[in-house]
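The data block below is input-v6.cif; it holds mmCIF, C-alpha atoms.
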data_my_file
loop_
_atom_site.label_atom_id
_atom_site.label_comp_id
_atom_site.auth_asym_id
_atom_site.auth_seq_id
_atom_site.Cartn_x
_atom_site.Cartn_y
_atom_site.Cartn_z
CA MET A 1 0.00 0.00 0.00
CA LEU A 2 1.21 3.50 -0.79
CA SER A 3 1.32 6.01 2.04
CA ILE A 4 -1.20 8.84 1.81
CA LYS A 5 1.70 11.25 2.29
CA TYR A 6 3.36 9.90 -0.86
CA ILE A 7 0.12 10.19 -2.84
CA ARG A 8 -0.42 13.70 -1.52
CA GLU A 9 3.05 14.76 -2.63
CA ASN A 10 3.15 12.82 -5.94
CA PRO A 11 -0.39 12.71 -7.39
CA GLU A 12 0.75 12.75 -11.02
CA VAL A 13 3.18 9.86 -10.46
CA VAL A 14 0.49 7.78 -8.78
CA GLN A 15 -2.11 8.48 -11.48
CA ALA A 16 0.44 7.57 -14.16
CA ALA A 17 1.19 4.28 -12.35
CA ILE A 18 -2.52 3.45 -12.20
CA SER A 19 -2.84 4.13 -15.93
CA ASN A 20 0.37 2.34 -16.97
CA LYS A 21 -0.58 -0.77 -15.01
CA GLY A 22 -4.06 -0.79 -16.49
CA GLU A 23 -5.68 -0.41 -13.09
CA LYS A 24 -8.56 1.75 -11.93
CA GLY A 25 -8.19 4.46 -9.34
CA ASP A 26 -9.14 8.07 -8.73
CA VAL A 27 -6.34 10.08 -7.18
CA HIS A 28 -8.53 13.21 -7.07
CA GLU A 29 -11.13 11.42 -4.92
CA ILE A 30 -8.38 10.09 -2.65
CA LEU A 31 -6.98 13.59 -2.18
CA ARG A 32 -10.47 15.02 -1.60
CA LEU A 33 -11.13 12.49 1.16
CA ASP A 34 -7.67 13.04 2.62
CA LYS A 35 -8.30 16.79 2.79
CA LYS A 36 -11.72 16.20 4.34
CA ILE A 37 -10.25 13.87 6.97
CA ARG A 38 -7.53 16.34 7.94
CA GLN A 39 -10.13 19.09 8.27
CA LEU A 40 -12.41 16.84 10.32
CA ILE A 41 -9.53 15.96 12.64
CA HIS A 42 -8.77 19.66 13.09
CA ASP A 43 -12.44 20.51 13.75
CA VAL A 44 -13.06 17.60 16.15
CA GLU A 45 -9.88 18.27 18.11
CA ALA A 46 -10.82 21.97 18.37
CA LYS A 47 -14.27 21.02 19.66
CA LYS A 48 -12.78 18.58 22.15
CA ALA A 49 -10.48 21.30 23.43
CA GLU A 50 -13.46 23.68 23.68
CA LYS A 51 -15.43 20.98 25.51
CA ASN A 52 -12.61 20.58 28.05
CA ARG A 53 -12.53 24.32 28.62
CA THR A 54 -16.33 24.42 29.00
CA ASN A 55 -16.22 21.54 31.45
CA SER A 56 -13.67 23.42 33.53
CA GLN A 57 -15.93 26.49 33.46
CA ILE A 58 -18.90 24.39 34.66
CA VAL A 59 -16.84 23.00 37.53
CA GLU A 60 -15.74 26.51 38.45
CA ALA A 61 -19.32 27.85 38.25
CA ASN A 62 -20.63 25.06 40.47
CA ARG A 63 -17.85 25.68 42.97
CA ASN A 64 -18.86 29.35 43.16
CA SER A 65 -22.61 28.59 43.20
CA GLN A 66 -23.06 30.33 39.84
CA ASP A 67 -25.63 29.56 37.14
CA ALA A 68 -24.12 27.01 34.71
CA ASP A 69 -27.19 26.31 32.54
CA GLN A 70 -25.81 27.99 29.42
CA LEU A 71 -22.48 26.26 29.86
CA ILE A 72 -24.22 22.89 30.21
CA LYS A 73 -26.21 23.52 27.03
CA LYS A 74 -22.99 24.44 25.27
CA MET A 75 -21.38 21.23 26.57
CA LYS A 76 -24.24 19.10 25.24
CA LYS A 77 -24.06 20.79 21.87
CA LEU A 78 -20.31 20.28 21.68
CA SER A 79 -20.70 16.60 22.70
CA ALA A 80 -23.25 16.06 19.92
CA GLU A 81 -21.05 17.81 17.36
CA ILE A 82 -18.02 15.77 18.45
CA LYS A 83 -19.98 12.53 18.18
CA MET A 84 -21.16 13.49 14.71
CA GLY A 85 -17.63 14.53 13.71
CA ASP A 86 -16.12 11.26 15.00
CA SER A 87 -18.73 9.29 13.08
CA ASP A 88 -18.01 11.26 9.89
CA LEU A 89 -14.30 10.78 10.48
CA THR A 90 -14.66 7.00 10.88
CA GLN A 91 -16.76 6.76 7.72
CA SER A 92 -14.39 8.95 5.72
CA ARG A 93 -11.37 6.95 6.85
CA HIS A 94 -13.12 3.75 5.81
CA GLN A 95 -13.91 5.23 2.40
CA LEU A 96 -10.31 6.35 1.99
CA ASN A 97 -8.93 2.92 2.92
CA GLU A 98 -11.31 1.30 0.42
CA LEU A 99 -9.79 3.50 -2.28
CA LEU A 100 -6.18 3.12 -1.13
CA ILE A 101 -6.31 -0.67 -1.15
CA TRP A 102 -7.01 -0.57 -4.90
CA VAL A 103 -4.04 1.71 -5.72
CA PRO A 104 -1.22 -0.37 -7.26
CA ASN A 105 2.46 -0.10 -6.46
CA ILE A 106 4.56 2.41 -8.41
CA PRO A 107 6.70 0.78 -11.12
CA HIS A 108 10.44 1.32 -10.72
CA GLU A 109 11.92 3.87 -13.11
CA SER A 110 13.75 1.08 -15.00
CA VAL A 111 10.51 -0.76 -15.88
CA PRO A 112 9.62 -0.37 -19.58
CA VAL A 113 6.27 1.32 -20.20
CA GLY A 114 3.86 -0.75 -22.27
CA VAL A 115 0.42 -2.27 -22.36
CA ASP A 116 1.16 -5.98 -22.89
CA GLU A 117 3.84 -8.67 -23.29
CA SER A 118 4.93 -7.24 -26.64
CA THR A 119 6.67 -4.45 -24.72
CA ASN A 120 8.54 -6.76 -22.34
CA VAL A 121 12.33 -6.66 -22.73
CA GLU A 122 14.54 -9.71 -23.03
CA VAL A 123 17.45 -9.28 -20.60
CA ARG A 124 19.45 -12.43 -21.37
CA MET A 125 19.17 -15.88 -22.89
CA ARG A 126 21.04 -19.01 -21.89
CA GLY A 127 21.60 -22.32 -23.65
CA GLU A 128 20.41 -23.37 -27.07
CA ALA A 129 17.10 -24.74 -28.23
CA PRO A 130 17.37 -28.52 -28.61
CA THR A 131 17.19 -30.02 -32.09
CA PHE A 132 15.82 -33.42 -33.02
CA ASP A 133 16.16 -35.74 -36.02
CA PHE A 134 12.80 -37.36 -35.31
CA GLU A 135 9.22 -36.21 -34.91
CA ILE A 136 8.94 -34.96 -31.34
CA LYS A 137 6.04 -35.41 -28.95
CA THR A 138 4.36 -33.00 -26.58
CA HIS A 139 4.54 -33.48 -22.80
CA LEU A 140 0.94 -34.71 -22.88
CA ASP A 141 1.77 -37.45 -25.39
CA LEU A 142 4.90 -38.43 -23.45
CA GLY A 143 3.20 -38.35 -20.08
CA THR A 144 0.33 -40.47 -21.33
CA SER A 145 2.49 -43.10 -23.08
CA LEU A 146 4.89 -43.34 -20.11
CA HIS A 147 2.05 -43.35 -17.55
CA LEU A 148 3.44 -40.30 -15.72
CA PHE A 149 0.07 -38.67 -15.12
CA ASP A 150 -3.60 -39.41 -15.60
CA PHE A 151 -5.94 -36.47 -16.21
CA GLU A 152 -9.00 -38.63 -16.86
CA ARG A 153 -8.89 -40.23 -13.42
CA ALA A 154 -7.96 -36.88 -11.88
CA ALA A 155 -11.18 -35.46 -13.32
CA LYS A 156 -13.16 -38.18 -11.53
CA ILE A 157 -11.62 -37.00 -8.27
CA SER A 158 -11.68 -33.22 -8.58
CA GLY A 159 -12.94 -32.19 -12.01
CA SER A 160 -10.86 -30.69 -14.80
CA GLY A 161 -7.66 -28.78 -14.16
CA PHE A 162 -6.28 -30.99 -11.38
CA PRO A 163 -3.34 -33.30 -12.17
CA LEU A 164 -2.85 -36.85 -10.92
CA PHE A 165 0.80 -37.91 -11.09
CA THR A 166 1.40 -41.65 -11.15
CA GLY A 167 4.39 -43.97 -10.81
CA LYS A 168 7.57 -42.41 -12.15
CA GLY A 169 5.68 -39.19 -12.82
CA ALA A 170 5.03 -38.87 -9.08
CA LYS A 171 8.70 -39.65 -8.39
CA LEU A 172 9.74 -36.96 -10.87
CA GLU A 173 7.45 -34.39 -9.20
CA ARG A 174 8.75 -35.21 -5.72
CA GLY A 175 12.33 -35.31 -6.96
CA LEU A 176 12.08 -31.86 -8.53
CA ILE A 177 10.70 -30.38 -5.31
CA ASN A 178 13.38 -31.94 -3.09
CA PHE A 179 16.17 -31.01 -5.50
CA MET A 180 15.12 -27.35 -5.57
CA LEU A 181 14.66 -27.16 -1.80
CA ASP A 182 18.09 -28.67 -1.14
CA TYR A 183 19.69 -26.45 -3.76
CA HIS A 184 18.44 -23.21 -2.19
CA VAL A 185 19.01 -24.31 1.41
CA GLN A 186 22.63 -25.03 0.53
CA ARG A 187 22.88 -21.45 -0.73
CA GLY A 188 21.76 -19.84 2.51
CA TYR A 189 17.97 -19.81 2.38
CA LYS A 190 16.16 -20.90 5.55
CA GLU A 191 13.55 -23.56 4.85
CA VAL A 192 10.07 -23.10 6.29
CA TYR A 193 6.97 -25.25 5.96
CA THR A 194 3.85 -23.14 6.28
CA PRO A 195 0.07 -23.59 6.55
CA PHE A 196 -1.61 -23.90 3.18
CA MET A 197 -4.69 -21.91 4.25
CA THR A 198 -4.56 -18.27 5.30
CA LEU A 199 -6.79 -15.60 6.81
CA PRO A 200 -8.09 -12.74 4.62
CA ALA A 201 -5.74 -10.31 6.38
CA ALA A 202 -2.73 -12.34 5.22
CA ASN A 203 -3.87 -12.09 1.59
CA GLU A 204 -4.60 -8.38 1.92
CA ALA A 205 -1.06 -7.89 3.21
CA THR A 206 0.56 -9.38 0.12
CA GLY A 207 -1.86 -7.74 -2.34
CA GLN A 208 -3.84 -10.83 -3.40
CA LEU A 209 -6.96 -9.31 -1.88
CA PRO A 210 -9.08 -7.66 -3.02
CA LYS A 211 -7.51 -7.61 -6.49
CA LEU A 212 -7.37 -11.38 -7.12
CA LYS A 213 -10.34 -12.51 -5.04
CA GLU A 214 -12.17 -14.15 -7.95
CA ASP A 215 -9.13 -16.33 -8.75
CA MET A 216 -8.85 -17.71 -5.21
CA TYR A 217 -10.43 -20.68 -3.46
CA PHE A 218 -12.29 -19.65 -0.31
CA VAL A 219 -13.57 -21.81 2.55
CA GLU A 220 -16.45 -19.67 3.79
CA ARG A 221 -17.20 -21.65 6.94
CA ASP A 222 -13.68 -21.11 8.28
CA ASN A 223 -12.98 -17.72 6.67
CA LEU A 224 -9.81 -19.12 5.11
CA TYR A 225 -8.29 -18.98 1.63
CA LEU A 226 -6.32 -21.80 0.02
CA ILE A 227 -2.97 -20.23 -0.80
CA PRO A 228 -2.30 -19.22 -4.43
CA THR A 229 1.44 -19.22 -3.63
CA ALA A 230 3.72 -19.71 -0.61
CA GLU A 231 4.48 -15.99 -0.93
CA VAL A 232 1.36 -15.34 1.16
CA PRO A 233 2.11 -17.37 4.31
CA VAL A 234 5.87 -16.77 4.20
CA THR A 235 5.57 -12.98 3.86
CA ASN A 236 3.11 -12.99 6.74
CA ILE A 237 5.55 -14.74 9.08
CA HIS A 238 6.69 -11.28 10.21
CA ARG A 239 3.39 -9.41 9.87
CA GLY A 240 3.05 -6.78 12.60
CA GLU A 241 6.65 -7.24 13.77
CA ILE A 242 9.58 -4.88 14.30
CA LEU A 243 12.80 -6.56 13.24
CA SER A 244 16.28 -5.42 14.16
CA GLU A 245 18.71 -4.20 11.50
CA ASP A 246 21.06 -7.05 12.41
CA GLU A 247 18.39 -9.61 11.44
CA LEU A 248 18.30 -8.40 7.84
CA PRO A 249 18.44 -9.70 5.23
CA ILE A 250 16.16 -12.68 5.89
CA HIS A 251 15.98 -15.27 3.12
CA TYR A 252 13.32 -18.00 3.22
CA VAL A 253 12.57 -20.94 0.94
CA ALA A 254 9.31 -22.89 1.09
CA PHE A 255 7.54 -25.62 -0.82
CA SER A 256 3.77 -25.56 -1.14
CA PRO A 257 0.93 -26.65 -3.34
CA CYS A 258 -0.76 -23.65 -4.95
CA PHE A 259 -4.47 -23.29 -5.68
CA ARG A 260 -5.84 -20.99 -8.38
CA ARG A 261 -9.11 -20.77 -10.27
CA GLU A 262 -7.38 -19.31 -13.34
CA ALA A 263 -7.79 -22.21 -15.75
CA GLY A 264 -9.15 -19.60 -18.17
CA SER A 265 -9.89 -20.37 -21.79
CA TYR A 266 -10.32 -23.79 -23.31
CA GLY A 267 -8.15 -25.34 -25.97
CA LYS A 268 -4.40 -25.60 -26.48
CA GLU A 269 -3.54 -23.17 -23.68
CA THR A 270 -5.00 -25.52 -21.05
CA ARG A 271 -3.85 -28.92 -22.34
CA GLY A 272 -2.09 -31.19 -19.88
CA LEU A 273 0.05 -29.30 -17.36
CA LEU A 274 -0.01 -25.96 -19.16
CA ARG A 275 -2.55 -24.35 -16.85
CA VAL A 276 -3.94 -26.16 -13.83
CA HIS A 277 -5.91 -25.29 -10.69
CA GLN A 278 -3.45 -27.02 -8.35
CA PHE A 279 0.31 -27.18 -8.77
CA ASN A 280 3.49 -27.39 -6.73
CA LYS A 281 6.05 -24.65 -6.33
CA VAL A 282 9.21 -23.81 -4.43
CA GLU A 283 9.19 -20.15 -3.42
CA LEU A 284 11.96 -17.76 -2.36
CA VAL A 285 11.01 -14.82 -0.11
CA LYS A 286 13.29 -12.03 1.13
CA PHE A 287 13.01 -9.30 3.77
CA VAL A 288 15.72 -6.71 3.18
CA LYS A 289 16.79 -3.14 3.85
CA PRO A 290 15.52 -0.63 1.26
CA GLU A 291 18.96 0.39 0.06
CA THR A 292 19.83 -3.19 -0.94
CA SER A 293 16.53 -4.38 -2.39
CA TYR A 294 17.40 -4.04 -6.07
CA GLN A 295 20.72 -5.83 -5.61
CA GLU A 296 18.73 -8.52 -3.80
CA LEU A 297 16.31 -8.73 -6.75
CA GLU A 298 19.19 -9.46 -9.12
CA ARG A 299 20.52 -12.16 -6.75
CA LEU A 300 17.04 -13.63 -6.33
CA THR A 301 16.62 -13.88 -10.10
CA ARG A 302 20.03 -15.49 -10.48
CA ASP A 303 19.19 -17.99 -7.74
CA ALA A 304 15.96 -18.95 -9.50
CA GLU A 305 17.49 -19.25 -12.96
CA SER A 306 20.39 -21.33 -11.61
CA ILE A 307 17.92 -24.23 -11.35
CA LEU A 308 17.35 -24.02 -15.10
CA LYS A 309 21.10 -23.93 -15.69
CA GLU A 310 21.63 -27.02 -13.54
CA LEU A 311 18.93 -28.86 -15.47
CA GLY A 312 20.48 -27.88 -18.80
CA LEU A 313 17.37 -26.17 -20.14
CA HIS A 314 17.19 -23.40 -22.70
CA TYR A 315 15.72 -20.30 -21.05
CA ARG A 316 15.55 -16.53 -21.08
CA VAL A 317 15.05 -13.73 -18.55
CA VAL A 318 12.47 -11.07 -19.43
CA ALA A 319 11.88 -7.71 -17.74
CA LEU A 320 8.14 -7.10 -17.59
CA SER A 321 6.64 -3.86 -18.84
CA THR A 322 4.19 -1.83 -16.77
CA GLY A 323 1.14 -3.41 -18.40
CA GLU A 324 2.37 -6.92 -17.48
CA LEU A 325 3.57 -6.01 -13.99
CA SER A 326 1.50 -7.36 -11.11
CA PHE A 327 -0.62 -5.08 -8.93
CA ALA A 328 1.84 -5.15 -6.01
CA ALA A 329 5.23 -5.34 -7.78
CA ALA A 330 7.56 -2.44 -8.46
CA LYS A 331 9.74 -4.51 -10.80
CA CYS A 332 9.60 -8.09 -12.04
CA TYR A 333 11.67 -10.50 -14.10
CA ASP A 334 10.00 -13.53 -15.65
CA LEU A 335 11.99 -16.68 -16.34
CA GLU A 336 10.77 -18.44 -19.46
CA VAL A 337 11.88 -21.91 -20.48
CA TRP A 338 11.76 -23.26 -24.02
CA ALA A 339 9.35 -26.17 -24.55
CA PRO A 340 10.17 -27.74 -27.95
CA GLY A 341 7.01 -29.87 -28.12
CA GLU A 342 4.87 -26.79 -27.53
CA ASN A 343 7.24 -24.75 -29.71
CA ARG A 344 7.10 -21.74 -27.39
CA TRP A 345 8.40 -20.11 -24.26
CA LEU A 346 6.71 -21.00 -20.98
CA GLU A 347 6.90 -18.90 -17.82
CA VAL A 348 8.26 -20.87 -14.86
CA SER A 349 9.03 -18.03 -12.46
CA SER A 350 8.32 -14.40 -11.64
CA CYS A 351 10.92 -12.66 -9.46
CA SER A 352 9.58 -9.43 -7.98
CA ASN A 353 10.60 -6.53 -5.77
CA TYR A 354 7.62 -5.05 -3.93
CA GLU A 355 9.69 -2.38 -2.18
CA SER A 356 7.68 -1.33 0.92
CA PHE A 357 4.24 -1.96 -0.65
CA GLN A 358 3.57 -5.29 1.08
CA ALA A 359 5.41 -4.27 4.25
CA ARG A 360 3.11 -1.26 4.71
CA ARG A 361 0.05 -3.47 4.37
CA ALA A 362 1.55 -6.06 6.73
CA ASN A 363 3.17 -3.47 9.04
CA ILE A 364 6.59 -5.12 8.87
CA ARG A 365 9.27 -2.69 10.04
CA TYR A 366 12.83 -2.79 11.29
CA ARG A 367 14.74 -0.61 13.71
CA ARG A 368 17.91 0.90 12.37
CA LYS A 369 20.95 1.15 14.60
CA ASP A 370 20.18 4.86 15.07
CA GLY A 371 16.77 3.88 16.48
CA LYS A 372 14.74 4.98 13.47
CA LEU A 373 11.87 2.71 12.41
CA GLU A 374 11.50 1.96 8.70
CA PHE A 375 9.49 -0.43 6.55
CA VAL A 376 11.42 -3.38 5.14
CA HIS A 377 11.38 -4.20 1.45
CA THR A 378 9.97 -7.60 0.44
CA LEU A 379 10.85 -9.71 -2.57
CA ASN A 380 9.84 -13.13 -3.81
CA GLY A 381 10.25 -15.45 -6.73
CA SER A 382 9.31 -18.94 -7.84
CA ALA A 383 12.33 -21.22 -7.86
CA LEU A 384 10.57 -22.90 -9.46
CA ALA A 385 6.96 -23.87 -10.28
CA THR A 386 6.88 -27.51 -11.37
CA PRO A 387 4.17 -27.88 -14.09
CA ARG A 388 5.83 -25.99 -16.92
CA LEU A 389 9.27 -27.03 -15.72
CA THR A 390 8.11 -30.63 -16.12
CA ILE A 391 6.80 -29.83 -19.59
CA ALA A 392 10.20 -28.45 -20.64
CA LEU A 393 12.09 -31.40 -19.11
CA LEU A 394 9.95 -34.04 -20.79
CA GLU A 395 9.97 -32.34 -24.18
CA THR A 396 13.67 -31.40 -24.10
CA TYR A 397 15.04 -34.76 -22.99
CA GLN A 398 12.79 -37.05 -25.03
CA THR A 399 14.36 -39.71 -27.23
CA ASP A 400 13.38 -41.24 -30.55
CA GLU A 401 12.26 -44.32 -28.60
CA GLY A 402 9.65 -42.31 -26.72
CA SER A 403 11.55 -42.37 -23.41
CA VAL A 404 12.83 -39.37 -21.46
CA MET A 405 16.38 -38.98 -20.13
CA ILE A 406 16.76 -37.54 -16.60
CA PRO A 407 19.40 -34.80 -16.18
CA GLU A 408 22.33 -36.14 -14.16
CA ILE A 409 21.90 -33.72 -11.25
CA LEU A 410 18.28 -34.85 -10.85
CA GLN A 411 18.90 -38.60 -11.04
CA PRO A 412 19.61 -39.14 -7.28
CA TYR A 413 16.30 -37.42 -6.46
CA VAL A 414 14.21 -39.33 -8.97
CA GLY A 415 15.99 -42.67 -8.59
CA GLU A 416 15.94 -43.11 -12.36
CA THR A 417 18.27 -42.33 -15.24
CA VAL A 418 15.53 -42.61 -17.82
CA LEU A 419 11.74 -42.65 -17.84
CA LYS A 420 10.52 -45.47 -20.07
#
As a first step, turn the structure in this file into structure tokens.
Amino acid sequence: MLSIKYIRENPEVVQAAISNKGEKGDVHEILRLDKKIRQLIHDVEAKKAEKNRTNSQIVEANRNSQDADQLIKKMKKLSAEIKMGDSDLTQSRHQLNELLIWVPNIPHESVPVGVDESTNVEVRMRGEAPTFDFEIKTHLDLGTSLHLFDFERAAKISGSGFPLFTGKGAKLERGLINFMLDYHVQRGYKEVYTPFMTLPAANEATGQLPKLKEDMYFVERDNLYLIPTAEVPVTNIHRGEILSEDELPIHYVAFSPCFRREAGSYGKETRGLLRVHQFNKVELVKFVKPETSYQELERLTRDAESILKELGLHYRVVALSTGELSFAAAKCYDLEVWAPGENRWLEVSSCSNYESFQARRANIRYRRKDGKLEFVHTLNGSALATPRLTIALLETYQTDEGSVMIPEILQPYVGETVLK
């Protein structure tokens, strides 16, 4: 969330951010309410001061056996006006908060301005696209023939959009998760294992609510949301806390299933593992000092893409333009892996710096050595999400016999050298 002080001092910047991100928001209405609230506070405080003075005068009049009727009438009038002013103030503050919660984060000055993915900027590319001297298969064909997953039986259990991994497919899924967790823990991330359901306040803190409410699974009876990403519970570990400067930076890694309603359109885009309602992901989350957050974003991105390097996959890093940037992010890099069977790039990670946007919502601060309190900066990134990573692995390492070779670094985790 942006501070009202920042909006007050930079209305044009905020309105431009709303427009460039394709969001809706009325800075003029926010400023009108802000001005009204400040005037109400001034008026109510003045009336409260006048009420205190009047009360003292009543006490003095009673002590001296003087008529206090007019003073008592004045006191009653002031009390009624204060009550009305407090009520107006509460309502106006609620209206202002309802507007503020829909104002997106300000894109960093380095973010390219654009309306869609066509204005994203490729930062770097690694590896080469694999070539084949035989007709290649898609991950869906490979997974079906090798009995790695079963979408028909999954549909009997949960409906469409939920995968059922079987046999060596289940071993591959588990192996990928354990490999990525071990890899990041060995590089200094602290592993946490969080709840997979969170309160509305936790989702408001990270910016999922109210913006993404329609894409989330909600258990009404318990007032809990199934997490769309481990970003939500991990970021909320320190909600409402004051950290010390010596504790920063904090680097967490967490595995979780993720639940999203975003299956979207029908057809090729949703075949197999391309877009599912439930998937697994390893997430990196950082709490850092503001002056280091963009260095930390570069390191976070490198940490995420190192998984793709280790697996020998062809990938690229893309800086998102303002129109593609998420509601809460100030800057984001997407990692896209090449899937030869699909003949296109697939996003497997988004690495984002939220600056103080989430920390303000979650009230996560730290105390500098000079005693000053300041909001931390939060960052997170998938490292990585497994569905599209699995697609790229199966399609990249397929053989002319219809089997799939397992990258050497992954073999101890899967217990197989080849899927056949």
Practice prompt. Between A:Glu117, A:Glu245, A:Asp43, A:Glu29, single out the one closest to Leu325 in chain A, counting only C-alpha atoms.
Written response: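 Among the listed residues, A:Glu117 lies closest to Leu325 in chain A.
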Worksheet item: What is the CA of Gln358 in chain A-CA of Lys36 in chain A distance in Å, reported with one decimal?
Response: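 Result for CA of Gln358 in chain A versus CA of Lys36 in chain A: 26.6 Å, one decimal.
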Fill in: Nearest residue to Ile37 in chain A from the set A:Gln15, A:Ser87, A:Asn64, A:Thr399 (distances using all atoms listed in the file)
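Nearest to Ile37 in chain A: A:Ser87.
The space between CA of Gln186 in chain A and CA of Val253 in chain A spans 10.9 Å.
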Practice prompt. Find the spatial neighbours of range 278-290 of chain A, counting all atoms listed in the file, within a cut-off of 6 Å - ignore same-chain residues fewer than 2 positions away - and output them as a PyMOL selection string.
Written response: chain A and resi 162+248-259+276+292-293+376-386
Non-local contacts of Lys77 in chain A (12 Å; only C-alpha atoms; under 6 positions in same chain excluded) as a PDB file with C-alpha atoms, in the coordinates of the input:
ATOM      1  CA  LYS A  47     -14.270  21.020  19.660  1.00  0.00           C
ATOM      2  CA  LYS A  48     -12.780  18.580  22.150  1.00  0.00           C
ATOM      3  CA  GLU A  50     -13.460  23.680  23.680  1.00  0.00           C
ATOM      4  CA  LYS A  51     -15.430  20.980  25.510  1.00  0.00           C
ATOM      5  CA  THR A  54     -16.330  24.420  29.000  1.00  0.00           C
ATOM      6  CA  GLN A  70     -25.810  27.990  29.420  1.00  0.00           C
ATOM      7  CA  LEU A  71     -22.480  26.260  29.860  1.00  0.00           C
ATOM      8  CA  LYS A  83     -19.980  12.530  18.180  1.00  0.00           C
ATOM      9  CA  MET A  84     -21.160  13.490  14.710  1.00  0.00           C
TER      10      MET A  84
END
Around all the atoms of range 178-188 of chain A listed in the file, draw an axis-aligned box and extend it by 5 Å on each of the six sides; I want its centre and edge lengths in Å to one decimal, as lines of an AutoDock Vina configuration file.
center_x = 18.1
center_y = -25.9
center_z = -1.5
size_x = 19.5
size_y = 22.1
size_z = 18.1
Fill in: Explicit residues for the PyMOL selection byres ((chain A and resi 30) around 12) (as number ranges by chain)
A: 2-8, 11, 14-15, 25-29, 31-37, 92-103
Selection dump of the PyMOL selection byres ((chain A and resi 307-318) around 7), as a PDB file with C-alpha atoms, in the coordinates of the input:
ATOM      1  CA  ASN A 120       8.540  -6.760 -22.340  1.00  0.00           C
ATOM      2  CA  VAL A 121      12.330  -6.660 -22.730  1.00  0.00           C
ATOM      3  CA  GLU A 122      14.540  -9.710 -23.030  1.00  0.00           C
ATOM      4  CA  VAL A 123      17.450  -9.280 -20.600  1.00  0.00           C
ATOM      5  CA  ARG A 124      19.450 -12.430 -21.370  1.00  0.00           C
ATOM      6  CA  MET A 125      19.170 -15.880 -22.890  1.00  0.00           C
ATOM      7  CA  ARG A 126      21.040 -19.010 -21.890  1.00  0.00           C
ATOM      8  CA  GLY A 127      21.600 -22.320 -23.650  1.00  0.00           C
ATOM      9  CA  GLU A 128      20.410 -23.370 -27.070  1.00  0.00           C
ATOM     10  CA  ALA A 129      17.100 -24.740 -28.230  1.00  0.00           C
ATOM     11  CA  ALA A 304      15.960 -18.950  -9.500  1.00  0.00           C
ATOM     12  CA  GLU A 305      17.490 -19.250 -12.960  1.00  0.00           C
ATOM     13  CA  SER A 306      20.390 -21.330 -11.610  1.00  0.00           C
ATOM     14  CA  ALA A 319      11.880  -7.710 -17.740  1.00  0.00           C
ATOM     15  CA  LEU A 320       8.140  -7.100 -17.590  1.00  0.00           C
ATOM     16  CA  TYR A 333      11.670 -10.500 -14.100  1.00  0.00           C
ATOM     17  CA  ASP A 334      10.000 -13.530 -15.650  1.00  0.00           C
ATOM     18  CA  LEU A 335      11.990 -16.680 -16.340  1.00  0.00           C
ATOM     19  CA  GLU A 336      10.770 -18.440 -19.460  1.00  0.00           C
ATOM     20  CA  VAL A 337      11.880 -21.910 -20.480  1.00  0.00           C
ATOM     21  CA  TRP A 338      11.760 -23.260 -24.020  1.00  0.00           C
ATOM     22  CA  PRO A 407      19.400 -34.800 -16.180  1.00  0.00           C
TER      23      PRO A 407
END
Practice prompt. Can you pull out every residue within 10 Å of Thr194 in chain A, counting all atoms listed in the file, but drop anything in the same chain fewer than 3 positions away, and send it as an NGL selection string?
Written response: :A and (191 or 197-198 or 230 or 232-234 or 237 or 254-256)
